[in-house]
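Comments concern the structure below.
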Amino acid sequence: MSVVEYLVNQWAIYSFIAMLPLIILYLIKPKPPKKKIPSLIFFAKHNKNKSENSIMQKLLRNTLLLIQLLIIILFCISAVGIIMPYKQSLSSAQHAIILIDASASMRSVASDGNTYLDHAKSDAVNLIAKRNTIIVSDGNTRVIGEKLNSGTAQTLIAGIKATDSPGYLLSGIEEAIRHIDSDKTQLHIISDFRERSVDDIISALLKLDSVGVSYSTHVISDNYNNIGIESAVFGSNEIAAYIRNYDSEKREVTIAINGNEEKKSISPGSIEQFRVNVPEKYSKIEILEKDSFPTDNTLHICPVTDNKRSVLVISSDISDYIKSALDSLDFIEYTISVPPVRPKTDDYDLIILNNINHALMIPGEMEDIANSAEKGTPVIITAQEGMLVDYYGMFPYSYNDTRNDLTRLTSEADSALTDNIEFGSVSKYFVFEINSPAEGTNNVDSLVTADGNPVIAVSRYGLGHILYYGLLEDGSDFKMTTGFPIFWKRAIEKLTKIEKISDLNLQTANSDSEIGTEVGVYENGKSRLCVNLLNADESASLSQKIPSKSTALEQMKENTQNIDLTMWLIIISIMVVIGEIAYLKLRGDI
């Protein structure tokens with residue numbers, strides 16, 4: 001390509017002639033006045049001036065001349081117009097759909113020190129076409145750009161980051177298919193294909209091939225070696241971590257927890273169990289040896305730290321069965337208040353109303369309980385004779401009748417409170433009508449019913465919850481079963497939000513929220529949450545053969561784009577003119 005081809009307006013080259021008058025003007029030597037000066041004294045000085053007045057010396061000494069020449073040159077070049085060729089590799093497809101896997105396994109480190117995702121993004125840039133749709137699969141499927149030009153597509157690809165969530169590439173493929181708009185659209189899938197749905201992915205790709213959809217797969221792989229924690233069981237007293245050797249050779253590993261180290265030898269493909277007691281504070285189990293996938297080398301452990309609950313039982317004659325159930329719970333401390341004693345209800349995590357002689361209650365006491373419930377303190381109201389008593393709006397029902405028919409109890413809702421508990425039958429129970437929801441209350445959830453009438457139900461009151469327990473001791477044998485203490489334990493745990501260690505130690509999830517997508521430790525109110533990968537598919541090496549097409553790479557072509565520099569030259573020219581004015585001001589000419 002000749003120099004002339006870089007010029008927009010070739011005839012404007014003649015504008016450079018405008019420099020000649022300026023140069024000639026500066027070279028004209030004015031006629032000096034004649035004076036009689038002794039020649040001998042100034043002979044040497046005359047010779048020196050003659051040398052200094054040579055053409056090049058005169059031009060170089062004159063700063064203003066150089067500035068003005070530069071201005072003329074810049075404006076002339078601007079008039080000519082210069083284009084800069086920019087070569088870029090583009091796919092011959094009109095529309096490229098690029099699906100990039102950014103799940104946890106793409107954080108694996110290749111032998112060159114870069115991550116798999118770094119290599120995936122490098123491949124993606126080479127597949128850019130005239131129009132580009134970029135889809136990211138990082139636990140969720142996200143279309144981050146649709147039908148973008150090449151420059152915007154490159155910028156978006158460069159900004160992609162991997163999460164610690166397990167992948168679901170099949171969802172990304174399904175989303176990509178929805179964006180295919182013509183036979184000039186090509187789908188590119190870039191992944192290490194380490195996930196559970198790989199068989200479904202293979203089936204989907206074979207189907208694409210059968211219907212003639214143009215696609216290419218780019219498998220990111222390297223000399224992968226890994227020993228990782230693939231799963232864990234969090235018990236109330238002990239934690240079991242399962243460590244797998246994903247390599248084809250026997251490996252020696254060092255496992256550390258709280259400064260204590262233990263050596264283990266793991267055969268290829270085998271799993272070793274590592275048990276530790278539940279720590280009193282945050283801890284972690286670590287595999288100290290480095291490998292290709294560091295994400296699964298650490299198990300963060302968040303123990304339960306604040307599970308002691310205070311319970312207030314207001315009762316004139318507490319049920320022996322309920323008292324026995326409360327005595328069996330080591331996570332509560334309960335106080336029995338017998339009317340007319342009036343306790344301070346705000347000091348407790350739960351209030352139980354059982355067998356109360358309402359005539360002995362001090363006026364305003366039920367209002368205090370209702371105020372505590374409205375602020376968030378849960379209340380359990382047990383059935384007793386005299387349910388006509390005003391519970392100050394907490395009780396969501398109005399008494400209608402008492403039935404003495406033998407009736408089989410039915411669990412109406414799939415609830416954690418009633419799951420796998422057999423409530424049996426009742427020979428006596430109350431019939432209620434539900435009240436219209438008051439302000440600050442929600443609809444009632446009936447958990448157990450007798451002939452459609454609620455026997456166990458939960459409702460909302462302000463910020464708190466009200467549990468109605470309607471099994472009368474003289475009308476039900478449930479109190480004698482093993483399910484009775486289990487129900488009360490569940491009820492108190494649920495209402496007072498007792499945390500289990502399994503609730504505080506989670507796996508990375510398919511979630512848009514920060515908690516769940518990244519391995520680590522998070523503050524969650526008064527508690528800490530630990531999030532771990534614990535996913536064998538993300539930790540494993542590639543084992544399945546993925547159907548591949550190389551047509552996309554073969555169809556790469558070099559595309560040249562021209563960048564017009566005219567505007568930049570004009571801007572530079574204006575800046576030099578401003579500089580000349582400043583120079584003249586500094587010299588005192590203006």
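The way I read the labels, and the way they are meant: chains A, B, ... in the order of the structure tokens, residue 1 as the first residue of every chain, and ligand 1 as the first ligand shown, with later ones counted on from there.
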Exercise. List every residue of stretch 87-335 of chain A that DSSP, applied to the backbone, labels as strand (DSSP E), and write the result as a ChimeraX atom specification.
Key: /A:87-91,95-101,131-137,141-148,185-191,215-219,227-234,238-245,251-257,260-266,271-277,283-287,298-301,309-314,332-335
Practice problem: Just the residues within 8 Å of A:Val338, please, counting only C-alpha atoms, with nothing from its chain fewer than 2 positions along; format it as a list in words. | Solution: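 Contacts, with the query itself left out: Ile314, Ser315, Ser316, Asp317, Ile336, Pro340 and Val341 of chain A.
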Next, write the just-selected residues to a file, as a JSON list (two decimals), in the first residue's frame, keeping all heavy atoms as the atom set.
[["chain", "number", "residue", "atom", "x", "y", "z"],
["A", 314, "ILE", "N", -46.53, -17.86, 81.29],
["A", 314, "ILE", "CA", -47.55, -17.28, 82.18],
["A", 314, "ILE", "C", -48.64, -18.32, 82.36],
["A", 314, "ILE", "O", -49.33, -18.68, 81.40],
["A", 314, "ILE", "CB", -48.12, -15.96, 81.59],
["A", 314, "ILE", "CG1", -46.99, -14.94, 81.38],
["A", 314, "ILE", "CG2", -49.19, -15.39, 82.49],
["A", 314, "ILE", "CD1", -47.44, -13.65, 80.73],
["A", 315, "SER", "N", -48.75, -18.85, 83.55],
["A", 315, "SER", "CA", -49.67, -19.96, 83.79],
["A", 315, "SER", "C", -50.09, -19.99, 85.25],
["A", 315, "SER", "O", -49.26, -19.80, 86.16],
["A", 315, "SER", "CB", -49.01, -21.30, 83.41],
["A", 315, "SER", "OG", -49.86, -22.38, 83.70],
["A", 316, "SER", "N", -51.36, -20.25, 85.50],
["A", 316, "SER", "CA", -51.85, -20.47, 86.87],
["A", 316, "SER", "C", -51.59, -21.91, 87.31],
["A", 316, "SER", "O", -51.46, -22.18, 88.50],
["A", 316, "SER", "CB", -53.35, -20.16, 86.94],
["A", 316, "SER", "OG", -53.61, -18.81, 86.57],
["A", 317, "ASP", "N", -51.49, -22.82, 86.35],
["A", 317, "ASP", "CA", -51.22, -24.23, 86.64],
["A", 317, "ASP", "C", -50.62, -24.86, 85.39],
["A", 317, "ASP", "O", -51.33, -25.42, 84.54],
["A", 317, "ASP", "CB", -52.52, -24.95, 87.04],
["A", 317, "ASP", "CG", -52.29, -26.41, 87.41],
["A", 317, "ASP", "OD1", -51.13, -26.76, 87.71],
["A", 317, "ASP", "OD2", -53.27, -27.18, 87.38],
["A", 336, "ILE", "N", -41.53, -19.30, 85.06],
["A", 336, "ILE", "CA", -42.98, -19.44, 85.19],
["A", 336, "ILE", "C", -43.50, -18.28, 86.03],
["A", 336, "ILE", "O", -43.05, -18.05, 87.16],
["A", 336, "ILE", "CB", -43.35, -20.78, 85.85],
["A", 336, "ILE", "CG1", -42.83, -21.95, 85.00],
["A", 336, "ILE", "CG2", -44.86, -20.90, 86.02],
["A", 336, "ILE", "CD1", -43.04, -23.32, 85.62],
["A", 340, "PRO", "N", -51.38, -13.30, 90.18],
["A", 340, "PRO", "CA", -51.38, -11.94, 89.60],
["A", 340, "PRO", "C", -49.99, -11.31, 89.44],
["A", 340, "PRO", "O", -49.90, -10.09, 89.27],
["A", 340, "PRO", "CB", -52.21, -11.16, 90.62],
["A", 340, "PRO", "CG", -51.89, -11.82, 91.92],
["A", 340, "PRO", "CD", -51.72, -13.29, 91.61],
["A", 341, "VAL", "N", -48.91, -12.11, 89.53],
["A", 341, "VAL", "CA", -47.58, -11.55, 89.30],
["A", 341, "VAL", "C", -47.51, -11.02, 87.87],
["A", 341, "VAL", "O", -47.92, -11.71, 86.92],
["A", 341, "VAL", "CB", -46.49, -12.61, 89.54],
["A", 341, "VAL", "CG1", -45.13, -12.05, 89.19],
["A", 341, "VAL", "CG2", -46.53, -13.09, 90.98]]
Quiz item: When you draw a straight line from atom CA of A:Thr63 to atom CA of A:Leu569, how long is it in Å?
Solution: 21.3 Å
Quiz prompt | Residue nearest A:Thr185 - candidates A:Asp222, A:Ile128, A:Thr345, A:Ile322, atoms counted: only C-alpha atoms | solution =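 Nearest to A:Thr185: A:Ile128.
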Quiz item: Which residue gives the smallest distance to A:Ile227 among A:Glu422, A:Glu333, A:Asp390, A:Glu252, with only C-alpha atoms counted?
Solution: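 Checking each candidate against A:Ile227, we get A:Glu252 as the closest.
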